[in-house]
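Participant: For reference, the file coords.cif (mmCIF, C-alpha atoms) is included below:
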```cif
data_work
#
loop_
_atom_site.label_atom_id
_atom_site.label_comp_id
_atom_site.auth_asym_id
_atom_site.auth_seq_id
_atom_site.Cartn_x
_atom_site.Cartn_y
_atom_site.Cartn_z
CA MET A 1 0.00 0.00 0.00
CA LYS A 2 2.86 2.38 0.89
CA ARG A 3 4.07 2.10 -2.70
CA PHE A 4 0.91 3.74 -3.96
CA ILE A 5 1.03 6.73 -1.60
CA PRO A 6 3.25 8.82 -3.95
CA VAL A 7 0.93 7.98 -6.85
CA ILE A 8 -2.03 9.28 -4.82
CA VAL A 9 -0.12 12.39 -3.67
CA VAL A 10 1.00 13.26 -7.22
CA GLY A 11 -2.49 12.58 -8.57
CA VAL A 12 -4.15 14.80 -5.94
CA VAL A 13 -1.67 17.64 -6.62
CA ALA A 14 -2.25 17.33 -10.38
CA LEU A 15 -6.03 17.50 -9.90
CA LEU A 16 -5.77 20.42 -7.47
CA ALA A 17 -3.41 22.35 -9.80
CA PHE A 18 -5.79 21.76 -12.72
CA ALA A 19 -8.81 22.89 -10.70
CA VAL A 20 -7.06 26.02 -9.38
CA GLY A 21 -5.84 26.79 -12.92
CA VAL A 22 -9.35 26.50 -14.36
CA VAL A 23 -10.84 28.71 -11.62
CA LEU A 24 -8.10 31.36 -12.00
CA TYR A 25 -8.46 31.26 -15.79
CA ARG A 26 -12.21 31.83 -15.56
CA VAL A 27 -11.80 34.71 -13.10
CA TYR A 28 -9.20 36.53 -15.22
CA ARG A 29 -11.00 35.77 -18.49
CA GLN A 30 -14.19 37.24 -17.06
CA LYS A 31 -12.23 40.30 -16.00
CA GLU A 32 -10.74 40.65 -19.48
CA ILE A 33 -14.15 40.28 -21.15
CA ALA A 34 -15.65 42.89 -18.79
CA GLN A 35 -12.83 45.35 -19.54
CA THR A 36 -13.11 44.81 -23.30
CA GLU A 37 -16.90 45.16 -23.23
CA GLU A 38 -16.62 48.34 -21.17
CA GLN A 39 -14.11 49.86 -23.61
CA GLN A 40 -16.17 48.79 -26.63
CA GLU A 41 -19.29 50.24 -25.05
CA GLN A 42 -17.48 53.49 -24.31
CA ALA A 43 -16.07 53.60 -27.85
CA LYS A 44 -19.56 52.93 -29.25
CA ARG A 45 -21.04 55.74 -27.18
CA GLY A 46 -18.13 57.95 -28.12
CA THR A 47 -17.26 58.39 -24.47
CA LEU A 48 -13.81 56.79 -24.52
CA HIS A 49 -11.54 59.77 -24.82
CA ALA A 50 -8.58 58.60 -26.86
CA ARG A 51 -5.97 60.14 -29.10
CA GLY A 52 -3.92 58.04 -31.49
CA PRO A 53 -4.73 54.89 -33.46
CA VAL A 54 -6.79 52.10 -31.88
CA LYS A 55 -4.17 49.52 -32.90
CA ALA A 56 -1.19 51.45 -31.48
CA PRO A 57 1.17 49.01 -29.75
CA VAL A 58 1.45 51.24 -26.68
CA THR A 59 -1.48 52.71 -24.76
CA LEU A 60 -1.02 55.50 -22.24
CA GLU A 61 -3.89 55.67 -19.81
CA GLU A 62 -3.87 58.95 -17.94
CA PHE A 63 -5.96 59.62 -14.86
CA GLY A 64 -6.24 63.39 -14.65
CA ASP A 65 -7.89 66.20 -12.73
CA PHE A 66 -8.39 69.46 -14.65
CA GLN A 67 -7.64 71.61 -11.60
CA CYS A 68 -4.46 69.81 -10.63
CA PRO A 69 -1.39 71.87 -11.63
CA PRO A 70 0.90 68.85 -12.34
CA CYS A 71 -1.82 67.47 -14.66
CA GLY A 72 -1.84 70.78 -16.50
CA ALA A 73 1.96 70.73 -16.70
CA LEU A 74 1.87 67.22 -18.15
CA SER A 75 -0.76 67.97 -20.79
CA ASP A 76 1.50 69.55 -23.44
CA PRO A 77 4.34 67.00 -23.00
CA LEU A 78 1.80 64.19 -23.44
CA ASN A 79 0.47 65.77 -26.63
CA LYS A 80 4.06 66.07 -27.86
CA ILE A 81 4.67 62.41 -27.03
CA ILE A 82 1.63 61.43 -29.16
CA ASP A 83 3.07 63.47 -32.05
CA ASP A 84 6.62 62.18 -31.63
CA TYR A 85 5.54 58.53 -31.51
CA LYS A 86 3.02 58.97 -34.31
CA GLY A 87 1.04 55.76 -34.86
CA LYS A 88 2.76 53.92 -32.04
CA VAL A 89 1.14 55.46 -28.99
CA ARG A 90 -2.49 55.96 -28.02
CA LEU A 91 -3.51 58.23 -25.16
CA VAL A 92 -6.66 57.43 -23.20
CA PHE A 93 -7.81 60.12 -20.78
CA ARG A 94 -9.71 59.10 -17.65
CA GLN A 95 -11.45 61.52 -15.34
CA HIS A 96 -10.21 61.44 -11.78
CA PRO A 97 -11.34 64.73 -10.19
CA LEU A 98 -9.99 65.10 -6.67
CA THR A 99 -12.84 67.20 -5.33
CA LEU A 100 -11.49 67.85 -1.83
CA PRO A 101 -8.36 69.83 -2.72
CA HIS A 102 -9.85 71.08 -6.02
CA PRO A 103 -13.39 72.49 -5.69
CA PHE A 104 -13.67 73.17 -9.44
CA ALA A 105 -12.30 69.82 -10.58
CA MET A 106 -15.78 68.31 -10.90
CA PRO A 107 -17.37 71.26 -12.76
CA ALA A 108 -14.38 71.15 -15.14
CA ALA A 109 -14.76 67.41 -15.65
CA LEU A 110 -18.50 67.90 -16.33
CA ALA A 111 -17.71 70.64 -18.86
CA ALA A 112 -15.20 68.39 -20.66
CA GLU A 113 -17.70 65.52 -20.78
CA ALA A 114 -20.45 67.83 -22.02
CA ALA A 115 -18.09 69.00 -24.77
CA GLY A 116 -17.36 65.35 -25.51
CA LEU A 117 -21.06 64.76 -26.19
CA GLN A 118 -20.71 67.27 -29.03
CA GLY A 119 -17.52 65.60 -30.23
CA LYS A 120 -15.15 68.21 -28.80
CA PHE A 121 -13.78 66.60 -25.66
CA TRP A 122 -10.13 67.17 -26.56
CA GLU A 123 -10.67 70.78 -27.55
CA MET A 124 -12.21 71.44 -24.12
CA HIS A 125 -9.53 69.29 -22.42
CA ASP A 126 -6.73 71.36 -23.93
CA LEU A 127 -8.48 74.66 -23.26
CA LEU A 128 -9.20 73.79 -19.62
CA TYR A 129 -5.56 72.95 -19.01
CA LYS A 130 -4.30 76.04 -20.86
CA THR A 131 -6.57 78.34 -18.85
CA GLN A 132 -6.28 76.39 -15.58
CA ALA A 133 -4.58 79.27 -13.75
CA VAL A 134 -7.46 81.60 -14.68
CA TRP A 135 -10.58 79.57 -13.80
CA SER A 136 -8.97 77.98 -10.75
CA LYS A 137 -8.98 81.40 -9.08
CA ALA A 138 -12.49 82.37 -10.19
CA SER A 139 -15.37 82.60 -7.74
CA ASP A 140 -17.82 81.06 -10.21
CA VAL A 141 -16.57 78.90 -13.04
CA ALA A 142 -19.93 78.31 -14.77
CA PRO A 143 -19.89 81.50 -16.91
CA LEU A 144 -16.23 80.93 -17.82
CA PHE A 145 -16.89 77.37 -18.97
CA GLY A 146 -19.91 78.65 -20.91
CA ASN A 147 -17.59 81.04 -22.72
CA TYR A 148 -15.08 78.28 -23.41
CA ALA A 149 -17.91 76.24 -24.93
CA LYS A 150 -18.68 79.11 -27.31
CA MET A 151 -14.98 79.55 -28.11
CA ILE A 152 -14.65 75.98 -29.32
CA GLY A 153 -17.89 76.17 -31.28
CA LEU A 154 -20.28 74.19 -29.11
CA ASN A 155 -24.02 74.61 -29.06
CA SER A 156 -24.38 76.55 -25.79
CA ASP A 157 -27.87 75.39 -24.89
CA GLN A 158 -26.99 71.76 -25.38
CA PHE A 159 -23.71 72.24 -23.49
CA GLU A 160 -25.56 73.69 -20.48
CA ARG A 161 -28.12 70.87 -20.54
CA ASP A 162 -25.45 68.19 -20.90
CA ARG A 163 -23.16 69.38 -18.17
CA ALA A 164 -26.06 69.25 -15.69
CA SER A 165 -27.11 65.80 -16.86
CA GLU A 166 -26.88 62.52 -15.02
CA ALA A 167 -25.25 60.90 -18.08
CA VAL A 168 -22.02 62.89 -17.80
CA ARG A 169 -21.84 62.29 -14.05
CA LYS A 170 -22.16 58.57 -14.64
CA ARG A 171 -19.41 58.75 -17.26
CA ILE A 172 -17.07 60.43 -14.75
CA ALA A 173 -18.05 57.96 -12.02
CA ALA A 174 -17.17 55.06 -14.36
CA ASP A 175 -13.67 56.50 -14.89
CA GLN A 176 -13.26 57.06 -11.16
CA LYS A 177 -14.32 53.48 -10.46
CA ARG A 178 -11.71 52.22 -12.89
CA GLY A 179 -9.10 54.43 -11.21
CA ASP A 180 -10.05 53.11 -7.79
CA GLU A 181 -9.77 49.52 -9.05
CA LEU A 182 -6.27 50.28 -10.34
CA GLY A 183 -5.28 51.91 -7.05
CA VAL A 184 -5.07 55.47 -8.39
CA SER A 185 -4.86 57.92 -5.50
CA LEU A 186 -2.97 60.84 -7.03
CA THR A 187 -3.18 62.78 -10.25
CA PRO A 188 -1.76 62.64 -12.78
CA THR A 189 -1.26 58.88 -12.79
CA VAL A 190 -0.16 57.37 -16.08
CA PHE A 191 -0.19 53.72 -17.04
CA VAL A 192 1.91 52.56 -19.98
CA ASN A 193 0.42 49.34 -21.35
CA GLY A 194 -1.16 48.74 -17.97
CA LYS A 195 1.98 49.42 -15.98
CA SER A 196 1.95 52.39 -13.64
CA VAL A 197 4.73 54.90 -14.19
CA ALA A 198 5.30 55.79 -10.58
CA GLY A 199 7.87 57.42 -8.33
CA PRO A 200 10.75 59.44 -9.74
CA ALA A 201 9.99 58.17 -13.27
CA HIS A 202 6.68 60.07 -13.23
CA ASN A 203 7.73 62.87 -15.57
CA PRO A 204 7.71 63.27 -19.37
CA GLN A 205 11.13 61.64 -19.74
CA GLY A 206 10.14 58.78 -17.44
CA ILE A 207 7.00 58.23 -19.54
CA ARG A 208 9.10 58.27 -22.73
CA ASP A 209 11.46 55.72 -21.18
CA ALA A 210 8.50 53.52 -20.25
CA ILE A 211 7.14 53.81 -23.82
CA ASN A 212 10.54 52.90 -25.27
CA ALA A 213 10.75 49.88 -22.96
CA ALA A 214 7.21 48.83 -23.92
CA LEU A 215 8.03 49.18 -27.63
CA ALA A 216 11.27 47.22 -27.18
CA ALA A 217 9.37 44.44 -25.41
CA ILE A 218 6.94 44.04 -28.32
CA PRO A 219 7.90 41.55 -31.05
CA ALA A 220 9.47 43.26 -34.08
CA THR A 221 6.47 42.45 -36.30
CA LYS A 222 4.20 44.57 -34.12
CA ASN A 223 6.54 47.59 -34.03
CA MET B 1 17.31 5.11 2.32
CA PRO B 2 18.83 7.48 4.93
CA ARG B 3 16.34 9.63 6.80
CA ALA B 4 18.29 12.78 5.84
CA LEU B 5 17.75 11.97 2.17
CA VAL B 6 14.01 11.54 2.70
CA ILE B 7 13.92 14.98 4.34
CA VAL B 8 15.86 16.55 1.45
CA TYR B 9 13.52 14.98 -1.15
CA SER B 10 10.53 16.19 0.85
CA ILE B 11 11.95 19.74 0.88
CA VAL B 12 12.52 19.47 -2.89
CA ALA B 13 8.88 18.42 -3.31
CA VAL B 14 7.61 21.35 -1.21
CA LEU B 15 9.80 23.85 -3.10
CA ALA B 16 8.59 22.41 -6.40
CA LEU B 17 4.99 22.90 -5.18
CA ILE B 18 5.72 26.59 -4.50
CA GLY B 19 7.28 26.89 -7.96
CA LEU B 20 4.26 25.12 -9.41
CA ALA B 21 1.89 27.67 -7.84
CA ASP B 22 4.03 30.55 -9.15
CA ALA B 23 4.19 29.08 -12.67
CA LEU B 24 0.46 28.28 -12.66
CA TYR B 25 -0.36 31.89 -11.81
CA LEU B 26 1.97 33.24 -14.52
CA THR B 27 0.55 30.80 -17.08
CA VAL B 28 -3.00 31.92 -16.35
CA LEU B 29 -1.96 35.59 -16.60
CA HIS B 30 -0.28 34.88 -19.93
CA LEU B 31 -3.22 32.94 -21.36
CA THR B 32 -5.78 35.57 -20.33
CA GLY B 33 -3.64 38.53 -21.36
CA GLN B 34 -3.87 39.94 -17.84
CA SER B 35 -0.12 40.29 -17.40
CA ALA B 36 -0.55 43.78 -15.95
CA ALA B 37 -2.08 42.17 -12.88
CA CYS B 38 1.22 40.62 -11.93
CA GLY B 39 2.38 43.54 -9.85
CA ASP B 40 1.65 47.24 -9.75
CA GLY B 41 4.88 49.18 -10.07
CA ALA B 42 6.75 46.02 -11.05
CA GLU B 43 7.89 45.34 -14.57
CA CYS B 44 6.12 42.01 -14.84
CA SER B 45 3.75 43.05 -17.58
CA GLN B 46 6.54 44.01 -19.95
CA VAL B 47 8.50 40.81 -19.30
CA LEU B 48 5.41 38.62 -19.59
CA SER B 49 4.25 40.25 -22.80
CA SER B 50 7.70 40.23 -24.42
CA SER B 51 8.61 38.06 -27.39
CA TYR B 52 10.74 35.94 -25.01
CA SER B 53 7.70 34.92 -22.97
CA HIS B 54 6.74 32.09 -25.30
CA PHE B 55 8.18 29.41 -27.53
CA GLY B 56 5.85 29.46 -30.51
CA PRO B 57 2.38 28.95 -29.06
CA LEU B 58 3.74 27.66 -25.71
CA PRO B 59 4.09 30.17 -22.87
CA VAL B 60 7.40 29.86 -21.01
CA ALA B 61 5.42 29.88 -17.75
CA GLY B 62 3.55 26.80 -19.01
CA LEU B 63 6.85 25.00 -19.58
CA GLY B 64 7.84 26.00 -16.04
CA LEU B 65 4.55 24.57 -14.80
CA LEU B 66 5.32 21.23 -16.46
CA GLY B 67 8.90 21.35 -15.12
CA TYR B 68 7.87 22.00 -11.53
CA PHE B 69 5.18 19.33 -11.68
CA THR B 70 7.72 16.80 -12.98
CA VAL B 71 10.20 17.74 -10.24
CA PHE B 72 7.46 17.49 -7.61
CA SER B 73 6.47 14.04 -8.88
CA LEU B 74 10.05 12.76 -9.06
CA ALA B 75 10.90 14.08 -5.58
CA THR B 76 7.72 12.60 -4.09
CA PHE B 77 8.45 9.17 -5.56
CA ALA B 78 12.11 9.46 -4.50
CA ALA B 79 11.09 10.34 -0.92
CA PHE B 80 9.05 7.12 -0.82
CA GLY B 81 12.09 5.09 -1.82
CA TRP B 82 11.60 4.72 -5.57
CA VAL B 83 15.00 4.43 -7.26
CA LYS B 84 14.49 5.53 -10.89
CA PRO B 85 13.05 8.98 -10.06
CA ARG B 86 16.23 9.71 -8.07
CA ARG B 87 18.21 9.32 -11.32
CA PHE B 88 15.92 11.57 -13.38
CA LEU B 89 15.60 14.32 -10.77
CA PRO B 90 19.09 15.85 -11.35
CA ILE B 91 18.54 15.81 -15.13
CA MET B 92 15.21 17.63 -14.83
CA VAL B 93 16.50 20.17 -12.31
CA GLY B 94 19.64 20.67 -14.44
CA LEU B 95 17.51 21.51 -17.49
CA MET B 96 15.42 23.94 -15.44
CA PHE B 97 18.60 25.50 -14.03
CA LEU B 98 19.92 26.16 -17.56
CA GLY B 99 16.56 27.57 -18.62
CA THR B 100 16.55 29.84 -15.57
CA LEU B 101 20.04 31.16 -16.40
CA TRP B 102 18.85 31.99 -19.93
CA PHE B 103 15.77 33.85 -18.69
CA LEU B 104 17.77 35.79 -16.12
CA TYR B 105 20.10 36.84 -18.94
CA VAL B 106 17.11 37.91 -21.06
CA GLN B 107 15.67 40.01 -18.22
CA ALA B 108 18.99 41.58 -17.25
CA PHE B 109 20.63 42.21 -20.62
CA ILE B 110 17.93 42.20 -23.29
CA LEU B 111 14.72 43.48 -21.73
CA HIS B 112 16.36 45.42 -18.88
CA GLN B 113 13.19 44.65 -16.93
CA TYR B 114 12.58 42.21 -14.12
CA CYS B 115 9.44 40.34 -13.19
CA ARG B 116 9.23 39.56 -9.49
CA PHE B 117 7.38 36.28 -10.04
CA CYS B 118 10.04 35.19 -12.56
CA LEU B 119 12.77 36.10 -10.07
CA GLY B 120 10.94 34.11 -7.41
CA SER B 121 10.85 31.13 -9.73
CA ALA B 122 14.58 31.54 -10.43
CA ALA B 123 15.32 31.54 -6.69
CA ILE B 124 13.31 28.34 -6.26
CA THR B 125 15.18 26.66 -9.13
CA PHE B 126 18.54 27.66 -7.63
CA LEU B 127 17.49 26.17 -4.29
CA LEU B 128 16.30 23.00 -6.03
CA ALA B 129 19.64 22.74 -7.86
CA ALA B 130 21.56 23.16 -4.58
CA LEU B 131 19.46 20.46 -2.89
CA VAL B 132 19.79 18.07 -5.82
CA VAL B 133 23.56 18.55 -5.80
CA ALA B 134 23.48 17.75 -2.07
CA THR B 135 21.68 14.47 -2.80
CA SER B 136 23.96 13.49 -5.70
CA PRO B 137 25.82 10.15 -5.28
CA GLY B 138 29.19 11.84 -4.62
CA SER B 139 27.97 14.28 -1.95
CA ALA B 140 29.01 13.93 1.70
CA ARG B 141 25.38 13.72 2.87
CA THR B 142 24.64 10.78 0.56
CA ARG B 143 27.74 8.95 1.71
CA ALA B 144 26.81 9.43 5.39
#
```
As structure tokens, how would this structure be written, given the file I've shared?
Facilitator:
Amino acid sequence: MKRFIPVIVVGVVALLAFAVGVVLYRVYRQKEIAQTEEQQEQAKRGTLHARGPVKAPVTLEEFGDFQCPPCGALSDPLNKIIDDYKGKVRLVFRQHPLTLPHPFAMPAALAAEAAGLQGKFWEMHDLLYKTQAVWSKASDVAPLFGNYAKMIGLNSDQFERDRASEAVRKRIAADQKRGDELGVSLTPTVFVNGKSVAGPAHNPQGIRDAINAALAAIPATKN
Amino acid sequence: MPRALVIVYSIVAVLALIGLADALYLTVLHLTGQSAACGDGAECSQVLSSSYSHFGPLPVAGLGLLGYFTVFSLATFAAFGWVKPRRFLPIMVGLMFLGTLWFLYVQAFILHQYCRFCLGSAAITFLLAALVVATSPGSARTRA
């Protein structure tokens, strides 16, 4: 009987490993499907804010707050990165307004989303960052954002309706939920192909280095 | 068989089980494309999605999984006094040791990125190699 003990032990371990593997596979597969469906749904609704080609080998996912000065400082360098790596890098912007330190972060996020519903998210995004120093010190940002909407050619009535709507709040909440799931606590936080660029590397050069590493890690045929 | 040898084979089996769990996790991450989940702030995702992470359709982690399972099986049989597995164990661990050296080289000199789970697996393989050397026919412990 003792001779068969190792056979039983090995058999039990093989079965356990297989079972754990199947369970883990199902959990992660479900997660992957949920993420893909969410992105497809957002793309379908036009609410996934992305610059650069869909099939770019590197995706930068930025969690930003329009009233946060470092986010504003990073905006132009990120745009330059998209231009410099033309076709190779895609930038996805996620709303992560930190409402406690930045009282106007949420109104700014709502304005950007409302502009997005008229197909001008990035125009409003760039304008909000460029004028951050102005509206951040204002006592009431609503009239300023209304003017920005006119400047970029939005339908003012629709813009006002949209920025007060539940739909744009839900869109922002969805981005915040994703940020929370990824452990985002500060802005800006940038992920390069799913990897957080954190610590001292969190600057334009650090992001470029992370992009270069990501491109180097991709098989030559995909580059 | 000396009691010390049974203990060493048992330790080898336990280490191989840890390696098996590590390789199983990495294989699942590779197959589901969720390599980013392998460590926030770590460089796992880039190592696991690199062109060195698979041989054709086979993920390297999957080969590791097979390797660790084989080592676990051989060590378990050896601990229960089977003779043939004791002969195959050094060959299997030797192959895994060489593979580990290659993947450490790839991480250090080609990718310039490290994956903590891969490094953990490398540490386990080094320990396995040391233990297998200790149980080899010429070692002092075996002669005792």
Participant: Given the PyMOL selection byres ((chain A and resi 9) around 12) and the file above, list the residues it selects as a list in words.
Facilitator: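 Checking the PyMOL selection byres ((chain A and resi 9) around 12) against this file, the residues are Lys2, Arg3, Phe4, Ile5, Pro6, Val7, Ile8, Val10, Gly11, Val12, Val13, Ala14, Leu15 and Leu16 of chain A; Ala13, Leu17, Phe69, Phe72, Ser73, Leu74, Ala75, Thr76, Phe77, Ala79 and Phe80 of chain B.
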Participant: Near chain B, meaning an atom within 10 Å, which residues of chain A appear when counting all atoms listed in the file? Write them as an mmCIF file with C-alpha atoms, in the coordinates of the input.
Facilitator:
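Final output, saved to part_29.cif:
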```cif
data_model
loop_
_atom_site.group_PDB
_atom_site.id
_atom_site.type_symbol
_atom_site.label_atom_id
_atom_site.label_comp_id
_atom_site.auth_asym_id
_atom_site.auth_seq_id
_atom_site.Cartn_x
_atom_site.Cartn_y
_atom_site.Cartn_z
ATOM 1 C CA LYS A 2 2.860 2.380 0.890
ATOM 2 C CA ARG A 3 4.070 2.100 -2.700
ATOM 3 C CA PHE A 4 0.910 3.740 -3.960
ATOM 4 C CA ILE A 5 1.030 6.730 -1.600
ATOM 5 C CA PRO A 6 3.250 8.820 -3.950
ATOM 6 C CA VAL A 7 0.930 7.980 -6.850
ATOM 7 C CA VAL A 9 -0.120 12.390 -3.670
ATOM 8 C CA VAL A 10 1.000 13.260 -7.220
ATOM 9 C CA GLY A 11 -2.490 12.580 -8.570
ATOM 10 C CA VAL A 13 -1.670 17.640 -6.620
ATOM 11 C CA ALA A 14 -2.250 17.330 -10.380
ATOM 12 C CA ALA A 17 -3.410 22.350 -9.800
ATOM 13 C CA PHE A 18 -5.790 21.760 -12.720
ATOM 14 C CA VAL A 20 -7.060 26.020 -9.380
ATOM 15 C CA GLY A 21 -5.840 26.790 -12.920
ATOM 16 C CA VAL A 22 -9.350 26.500 -14.360
ATOM 17 C CA VAL A 23 -10.840 28.710 -11.620
ATOM 18 C CA LEU A 24 -8.100 31.360 -12.000
ATOM 19 C CA TYR A 25 -8.460 31.260 -15.790
ATOM 20 C CA ARG A 26 -12.210 31.830 -15.560
ATOM 21 C CA VAL A 27 -11.800 34.710 -13.100
ATOM 22 C CA TYR A 28 -9.200 36.530 -15.220
ATOM 23 C CA ARG A 29 -11.000 35.770 -18.490
ATOM 24 C CA GLN A 30 -14.190 37.240 -17.060
ATOM 25 C CA LYS A 31 -12.230 40.300 -16.000
ATOM 26 C CA GLU A 32 -10.740 40.650 -19.480
ATOM 27 C CA ILE A 33 -14.150 40.280 -21.150
ATOM 28 C CA LEU A 182 -6.270 50.280 -10.340
ATOM 29 C CA GLY A 183 -5.280 51.910 -7.050
ATOM 30 C CA PHE A 191 -0.190 53.720 -17.040
ATOM 31 C CA VAL A 192 1.910 52.560 -19.980
ATOM 32 C CA ASN A 193 0.420 49.340 -21.350
ATOM 33 C CA GLY A 194 -1.160 48.740 -17.970
ATOM 34 C CA LYS A 195 1.980 49.420 -15.980
ATOM 35 C CA SER A 196 1.950 52.390 -13.640
ATOM 36 C CA VAL A 197 4.730 54.900 -14.190
ATOM 37 C CA ALA A 198 5.300 55.790 -10.580
ATOM 38 C CA GLY A 199 7.870 57.420 -8.330
ATOM 39 C CA ALA A 210 8.500 53.520 -20.250
ATOM 40 C CA ALA A 213 10.750 49.880 -22.960
ATOM 41 C CA ALA A 214 7.210 48.830 -23.920
ATOM 42 C CA LEU A 215 8.030 49.180 -27.630
ATOM 43 C CA ALA A 216 11.270 47.220 -27.180
ATOM 44 C CA ALA A 217 9.370 44.440 -25.410
ATOM 45 C CA ILE A 218 6.940 44.040 -28.320
ATOM 46 C CA PRO A 219 7.900 41.550 -31.050
ATOM 47 C CA ALA A 220 9.470 43.260 -34.080
#
```
Participant: Excluding Ser121 of chain B and its own-chain neighbours fewer than 5 positions away, which residues fall within 9 Å of it when counting all atoms listed in the file? Please give them as a PyMOL selection string.
Facilitator: chain B and resi 18-20+22-23+64+100+116+126
Participant: Find the distance between atom CA of Ala112 of chain A and atom CA of Gln95 of chain A and write it in Å to one decimal.
Facilitator: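 Separation between atom CA of Ala112 of chain A and atom CA of Gln95 of chain A: 9.5 Å.
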Participant: Taking the file as shown, find all residues satisfying the PyMOL selection byres ((chain A and resi 135) around 12) and write them as a ChimeraX atom specification.
Facilitator: /A:66-68,102-105,107-108,127-134,136-148
Participant: I'd like the residues picked by the PyMOL selection byres ((chain A and resi 77) around 12) written out as a VMD selection string, using the chain letters and numbers from the file.
Facilitator: chain A and resid 70 to 76 78 to 84 91 126 203 to 208
Participant: Would you work out the distance separating atom CA of Leu60 of chain A from atom CA of Val106 of chain B, expressed in Å to one decimal?
Facilitator: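 Atom CA of Val106 of chain B lies at a distance of 25.3 Å from atom CA of Leu60 of chain A.
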Participant: Rounded to one decimal in Å, what is the spacing between atom CA of Ala130 of chain B and atom CA of Ala4 of chain B?
Facilitator: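 Between these atoms lies a distance of 15.1 Å.
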Participant: Using all atoms listed in the file - which residues lie no farther than 12 Å from the point (14.4, 16.1, -18.3) in the file's frame? Write them as a PyMOL selection string.
Facilitator: chain B and resi 63+66-71+74+85+87-99
Participant: Set the distance at 10 Å and use all atoms listed in the file: which residues neighbour Gly52 of chain A once local chain neighbours fewer than 3 positions away are removed? I'd like the list as a VMD selection string.
Facilitator: chain A and resid 55 to 56 58 to 59 82 to 83 85 to 92
Participant: Please reconstruct the missing atoms of segment 9-21 of chain B (target: N, CA and C atoms) and return them as an mmCIF file, in the coordinates of the input.
Facilitator:
```cif
data_model
loop_
_atom_site.group_PDB
_atom_site.id
_atom_site.type_symbol
_atom_site.label_atom_id
_atom_site.label_comp_id
_atom_site.auth_asym_id
_atom_site.auth_seq_id
_atom_site.Cartn_x
_atom_site.Cartn_y
_atom_site.Cartn_z
ATOM 1 N N TYR B 9 14.481 15.176 -0.055
ATOM 2 C CA TYR B 9 13.520 14.980 -1.150
ATOM 3 C C TYR B 9 12.171 15.620 -0.816
ATOM 4 N N SER B 10 11.806 15.565 0.450
ATOM 5 C CA SER B 10 10.530 16.190 0.850
ATOM 6 C C SER B 10 10.616 17.708 0.679
ATOM 7 N N ILE B 11 11.777 18.278 1.059
ATOM 8 C CA ILE B 11 11.950 19.740 0.880
ATOM 9 C C ILE B 11 11.894 20.087 -0.604
ATOM 10 N N VAL B 12 12.543 19.239 -1.429
ATOM 11 C CA VAL B 12 12.520 19.470 -2.890
ATOM 12 C C VAL B 12 11.064 19.461 -3.381
ATOM 13 N N ALA B 13 10.288 18.507 -2.880
ATOM 14 C CA ALA B 13 8.880 18.420 -3.310
ATOM 15 C C ALA B 13 8.102 19.671 -2.905
ATOM 16 N N VAL B 14 8.329 20.159 -1.683
ATOM 17 C CA VAL B 14 7.610 21.350 -1.210
ATOM 18 C C VAL B 14 8.017 22.577 -2.039
ATOM 19 N N LEU B 15 9.334 22.718 -2.289
ATOM 20 C CA LEU B 15 9.800 23.850 -3.100
ATOM 21 C C LEU B 15 9.202 23.783 -4.506
ATOM 22 N N ALA B 16 9.159 22.567 -5.054
ATOM 23 C CA ALA B 16 8.590 22.410 -6.400
ATOM 24 C C ALA B 16 7.106 22.788 -6.393
ATOM 25 N N LEU B 17 6.416 22.510 -5.283
ATOM 26 C CA LEU B 17 4.990 22.900 -5.180
ATOM 27 C C LEU B 17 4.844 24.420 -5.211
ATOM 28 N N ILE B 18 5.760 25.116 -4.504
ATOM 29 C CA ILE B 18 5.720 26.590 -4.500
ATOM 30 C C ILE B 18 5.970 27.108 -5.922
ATOM 31 N N GLY B 19 6.984 26.511 -6.573
ATOM 32 C CA GLY B 19 7.280 26.890 -7.960
ATOM 33 C C GLY B 19 6.102 26.610 -8.879
ATOM 34 N N LEU B 20 5.428 25.496 -8.617
ATOM 35 C CA LEU B 20 4.260 25.120 -9.410
ATOM 36 C C LEU B 20 3.157 26.180 -9.291
ATOM 37 N N ALA B 21 2.922 26.647 -8.059
ATOM 38 C CA ALA B 21 1.890 27.670 -7.840
ATOM 39 C C ALA B 21 2.260 28.953 -8.583
#
```
